[in-house]
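Structure, as structure tokens:
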Amino acid sequence: MQQLFILWLLMMVSSVVKAECNINHSQLRAEYQLQTFKNGQAIQTSPLVLWRNGNTVAHQFPNTEITESWFLLNNKQIKPTRFFDHYQRAIEYQPGEKVHGKTEKDWDYRYQLISASLLPQLTLSAESGSGCQKEQTYSKSTENTTIVLKWLPELQLVSSFSSTRGDVQETWQLTSQQYDQPAIELFFTQLSQYQSTDYADIGDDHTDPFLAKMINLGFVEHGASGFYNTDGQPIEGGHH
């Protein structure tokens with residue numbers, strides 16, 4: 001009887017250990033497919049790559065060759081930087097500086113693509129899996145909008161997101177995730193080697209053709225969502 005009890009206890013301990021998630025989600029490469037539908041027809045599709053490396057997060061938009069990055073300082077202020085990958089150039093903003101009338105304050109919004117304040121506004125409708133694969137389904141419906149979020153709590157990662165308003169639906173779908181530390185560190189090292197310009201100094205240099213082009217296209221003076229159409233115009237409502 002005692003041996004059976006010990007065996008049962010070992011099995012219980014083993015099941016608990018298996019349910020744990022030992023992945024370090026602070027170093028991550030996660031790729032998403034973003035799609036917009038109207039009347040059921042896809043009208044826009046674009047990839048987004050979420051990168052994490054400790055206190056630095058980046059959103060890479062391969063279609064526009066723009067990468068937005070944020071660094072969380074010890075005092076909880078956030079330093080934004082915009083990287084233009086094709087030109088290997090960067091524009092830096094100072095922590096706490098108002099960029100286009102807004103000060104960057106929501107770290108969770110950048111780290112996990114949604115604000116931490118969003119989850120309490122939704123209703124938990126389902127839960128499945130365990131450990132790193134534990135997935136929670138949240139939803140909310142109002143008169144005009146329906147939201148469905150599939151969330152991986154152990155990884156602080158969106159699995160999928162859908163927002164429907166009228167005949168327009170926007171979806172995000174996680175397509176891959178990697179935790180290759182050398183590759184992640186290499187990505188951020190390459191960004192750090194771009195030629196950088198402080199945002200406050202842009203107006204002082206009228207001879208730099210790169211800066212002149214970016215201002216003309218609106219990549220500098222408009223919002224820094226990272227969502228742009230082929231004409232270089234910012235697309236509103238890209239993030240939630």
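Scheme for the structure tokens: letters A, B, ... for chains in order shown; per-chain residue numbers from 1; ligand numbers from 1 in order shown.
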
Open item on the list: Write out as a ChimeraX atom specification the set of residues from stretch 28-70 of chain A that DSSP, computed on the backbone, places in strand (DSSP E).
Closed with: /A:28-38,41-53,56-61,66-70

Report as a CSV table (one decimal) with N, CA, C and O atoms, in the first residue's frame all protein, DNA and RNA residues lying within 12 Å of stretch 103-109 of chain A, evaluated on only C-alpha atoms, omitting residues in the same chain fewer than 2 positions from it.
chain,number,residue,atom,x,y,z
A,50,LEU,N,7.2,40.2,-34.1
A,50,LEU,CA,7.4,40.7,-32.8
A,50,LEU,C,8.8,40.1,-32.2
A,50,LEU,O,8.9,38.9,-32.2
A,52,ARG,N,11.5,40.2,-29.0
A,52,ARG,CA,11.8,40.6,-27.6
A,52,ARG,C,13.2,40.2,-27.2
A,52,ARG,O,13.7,39.1,-27.6
A,55,ASN,N,14.8,44.0,-22.0
A,55,ASN,CA,14.1,45.2,-21.9
A,55,ASN,C,14.0,46.0,-23.2
A,55,ASN,O,13.6,47.1,-23.3
A,56,THR,N,14.2,45.3,-24.3
A,56,THR,CA,14.0,45.8,-25.7
A,56,THR,C,13.0,45.0,-26.5
A,56,THR,O,13.1,43.8,-26.5
A,57,VAL,N,12.1,45.7,-27.1
A,57,VAL,CA,11.1,45.1,-27.9
A,57,VAL,C,11.1,45.7,-29.3
A,57,VAL,O,11.3,46.9,-29.4
A,58,ALA,N,10.8,45.0,-30.3
A,58,ALA,CA,10.7,45.6,-31.6
A,58,ALA,C,9.5,44.9,-32.4
A,58,ALA,O,9.2,43.8,-32.2
A,59,HIS,N,8.9,45.8,-33.2
A,59,HIS,CA,7.9,45.3,-34.2
A,59,HIS,C,8.4,45.5,-35.5
A,59,HIS,O,8.6,46.7,-36.0
A,69,SER,N,11.0,50.1,-32.4
A,69,SER,CA,11.7,49.5,-31.2
A,69,SER,C,11.4,50.4,-30.0
A,69,SER,O,11.4,51.6,-30.1
A,70,TRP,N,11.4,49.7,-28.8
A,70,TRP,CA,11.2,50.4,-27.6
A,70,TRP,C,12.1,49.8,-26.5
A,70,TRP,O,12.2,48.6,-26.4
A,71,PHE,N,12.7,50.6,-25.7
A,71,PHE,CA,13.6,50.2,-24.7
A,71,PHE,C,13.1,50.7,-23.3
A,71,PHE,O,12.8,51.9,-23.2
A,72,LEU,N,12.9,49.8,-22.4
A,72,LEU,CA,12.3,50.1,-21.1
A,72,LEU,C,13.5,50.4,-20.1
A,72,LEU,O,14.3,49.5,-19.8
A,73,LEU,N,13.5,51.6,-19.6
A,73,LEU,CA,14.6,52.0,-18.7
A,73,LEU,C,14.2,51.6,-17.3
A,73,LEU,O,13.1,51.3,-17.0
A,75,ASN,N,13.8,53.4,-14.8
A,75,ASN,CA,12.8,54.3,-14.2
A,75,ASN,C,11.4,54.1,-14.8
A,75,ASN,O,10.5,54.9,-14.6
A,76,LYS,N,11.3,53.1,-15.6
A,76,LYS,CA,10.0,52.7,-16.3
A,76,LYS,C,9.7,53.6,-17.5
A,76,LYS,O,8.6,53.5,-18.1
A,77,GLN,N,10.5,54.6,-17.8
A,77,GLN,CA,10.3,55.4,-19.0
A,77,GLN,C,10.7,54.5,-20.2
A,77,GLN,O,11.4,53.6,-20.1
A,78,ILE,N,10.1,54.9,-21.4
A,78,ILE,CA,10.3,54.1,-22.6
A,78,ILE,C,10.9,55.0,-23.6
A,78,ILE,O,10.5,56.1,-23.9
A,79,LYS,N,12.0,54.4,-24.2
A,79,LYS,CA,12.7,55.1,-25.3
A,79,LYS,C,12.4,54.5,-26.7
A,79,LYS,O,12.8,53.4,-26.9
A,80,PRO,N,11.6,55.2,-27.5
A,80,PRO,CA,11.3,54.7,-28.8
A,80,PRO,C,12.4,55.0,-29.9
A,80,PRO,O,13.0,56.0,-29.8
A,81,THR,N,12.5,54.1,-30.8
A,81,THR,CA,13.4,54.3,-32.0
A,81,THR,C,12.7,53.7,-33.2
A,81,THR,O,12.1,52.6,-33.1
A,93,TYR,N,14.1,58.8,-30.4
A,93,TYR,CA,13.3,59.7,-29.6
A,93,TYR,C,13.7,59.6,-28.1
A,93,TYR,O,14.1,58.5,-27.7
A,94,GLN,N,13.7,60.7,-27.4
A,94,GLN,CA,14.1,60.7,-26.0
A,94,GLN,C,13.0,60.1,-25.1
A,94,GLN,O,11.8,60.2,-25.4
A,95,PRO,N,13.4,59.4,-24.0
A,95,PRO,CA,12.4,58.8,-23.1
A,95,PRO,C,11.5,59.9,-22.6
A,95,PRO,O,12.0,61.0,-22.2
A,96,GLY,N,10.3,59.7,-22.6
A,96,GLY,CA,9.3,60.7,-22.0
A,96,GLY,C,9.0,61.8,-23.0
A,96,GLY,O,8.1,62.6,-22.7
A,97,GLU,N,9.7,61.8,-24.1
A,97,GLU,CA,9.4,62.9,-25.1
A,97,GLU,C,8.1,62.6,-25.8
A,97,GLU,O,7.7,61.5,-26.2
A,98,LYS,N,7.3,63.7,-26.0
A,98,LYS,CA,6.1,63.6,-26.7
A,98,LYS,C,6.4,63.4,-28.2
A,98,LYS,O,7.0,64.3,-28.8
A,99,VAL,N,5.9,62.3,-28.7
A,99,VAL,CA,6.1,62.0,-30.2
A,99,VAL,C,4.7,62.1,-30.8
A,99,VAL,O,3.8,61.4,-30.5
A,100,HIS,N,4.6,63.1,-31.7
A,100,HIS,CA,3.3,63.4,-32.3
A,100,HIS,C,2.2,63.6,-31.3
A,100,HIS,O,1.1,63.1,-31.4
A,101,GLY,N,2.5,64.3,-30.2
A,101,GLY,CA,1.5,64.6,-29.2
A,101,GLY,C,1.3,63.6,-28.2
A,101,GLY,O,0.4,63.7,-27.3
A,111,TYR,N,5.1,45.1,-25.7
A,111,TYR,CA,5.7,43.8,-25.3
A,111,TYR,C,4.8,42.6,-25.8
A,111,TYR,O,5.3,41.6,-26.3
A,112,GLN,N,3.5,42.8,-25.7
A,112,GLN,CA,2.6,41.7,-26.0
A,112,GLN,C,1.5,42.0,-27.0
A,112,GLN,O,0.6,41.2,-27.2
A,113,LEU,N,1.6,43.2,-27.7
A,113,LEU,CA,0.7,43.7,-28.7
A,113,LEU,C,-0.7,44.1,-28.2
A,113,LEU,O,-1.5,44.6,-29.0
A,114,ILE,N,-1.0,43.8,-26.9
A,114,ILE,CA,-2.2,44.3,-26.4
A,114,ILE,C,-1.9,44.9,-25.0
A,114,ILE,O,-1.0,44.5,-24.3
A,115,SER,N,-2.7,45.9,-24.6
A,115,SER,CA,-2.6,46.5,-23.3
A,115,SER,C,-3.0,45.5,-22.2
A,115,SER,O,-4.0,44.7,-22.4
A,116,ALA,N,-2.4,45.5,-21.1
A,116,ALA,CA,-2.8,44.7,-19.9
A,116,ALA,C,-4.2,45.0,-19.5
A,116,ALA,O,-4.9,44.2,-19.0
A,117,SER,N,-4.6,46.3,-19.8
A,117,SER,CA,-5.9,46.7,-19.4
A,117,SER,C,-7.0,46.2,-20.2
A,117,SER,O,-8.2,46.3,-19.9
A,118,LEU,N,-6.7,45.5,-21.4
A,118,LEU,CA,-7.7,45.0,-22.3
A,118,LEU,C,-8.3,43.7,-21.7
A,118,LEU,O,-9.6,43.6,-21.8
A,119,LEU,N,-7.5,42.8,-21.1
A,119,LEU,CA,-8.1,41.5,-20.7
A,119,LEU,C,-9.2,41.7,-19.7
A,119,LEU,O,-10.2,41.0,-19.8
A,156,GLN,N,2.8,35.3,-22.5
A,156,GLN,CA,2.3,36.7,-22.7
A,156,GLN,C,2.3,37.0,-24.2
A,156,GLN,O,2.9,37.9,-24.7
A,157,LEU,N,1.6,36.1,-24.9
A,157,LEU,CA,1.6,36.2,-26.3
A,157,LEU,C,0.2,36.0,-26.9
A,157,LEU,O,-0.6,35.2,-26.5
A,158,VAL,N,-0.1,36.8,-27.9
A,158,VAL,CA,-1.4,36.7,-28.6
A,158,VAL,C,-1.3,35.5,-29.6
A,158,VAL,O,-0.4,35.5,-30.4
A,223,GLY,N,2.0,59.5,-37.3
A,223,GLY,CA,2.0,58.5,-36.2
A,223,GLY,C,3.0,57.3,-36.5
A,223,GLY,O,3.2,56.9,-37.6
A,224,ALA,N,3.5,56.8,-35.4
A,224,ALA,CA,4.5,55.7,-35.5
A,224,ALA,C,3.9,54.4,-35.3
A,224,ALA,O,4.4,53.6,-34.6
A,225,SER,N,2.8,54.1,-36.0
A,225,SER,CA,2.2,52.8,-35.8
A,225,SER,C,2.9,51.7,-36.6
A,225,SER,O,2.9,50.5,-36.2
A,239,HIS,N,-3.2,49.2,-34.5
A,239,HIS,CA,-3.0,48.4,-33.2
A,239,HIS,C,-4.2,48.6,-32.4
A,239,HIS,O,-5.0,49.5,-32.6
A,240,HIS,N,-4.3,47.8,-31.3
A,240,HIS,CA,-5.4,47.8,-30.4
A,240,HIS,C,-4.9,48.0,-29.0
A,240,HIS,O,-3.9,47.3,-28.6

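The spacing separating atom CA of A:Gln190 from atom CA of A:Gln88 amounts to 9.1 Å.
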
Open item on the list: Between A:Glu31, A:Glu127, A:Asp201, A:Asp167, which residue has the minimum interatomic distance to A:Phe61, considering only C-alpha atoms?
Closed with: A:Glu31

Task: For A:Gln177: contacts at 9 Å, only C-alpha atoms, fewer than 5 positions along chain excluded, given as a VMD selection string - done: chain A and resid 28 to 31

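Using only C-alpha atoms, the smallest distance between any of A:Cys132, A:Leu124, A:Leu34, A:Leu186 and A:Val148 comes from A:Leu124.
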
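For the residues A:Asn24, A:Gly54, A:Ile184, A:Thr146, ranking by smallest atom-to-atom distance to A:Arg165 using only C-alpha atoms places A:Thr146 first.
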
Task: Coordinates-based distance that separates atom CA of A:Thr175 from atom CA of A:Glu68 (Å, one decimal) - done: 20.1 Å

Task: Residues within 8 Å of stretch 160-162 of chain A, only C-alpha atoms, excluding chain neighbours under 4 positions, as a ChimeraX atom specification - done: /A:146-151,169-174

Task: helix (DSSP H, G or I) residues, from DSSP on the backbone, in stretch 56-220 of chain A, as a PyMOL selection string - done: chain A and resi 107-112+119-121+131-133+181-192+199-204+209-217

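Considering the residues A:Asn63, A:Ser141, A:Ser176, A:Ser196 and counting only C-alpha atoms, A:Thr123 has its shortest atom-to-atom contact with A:Ser141.
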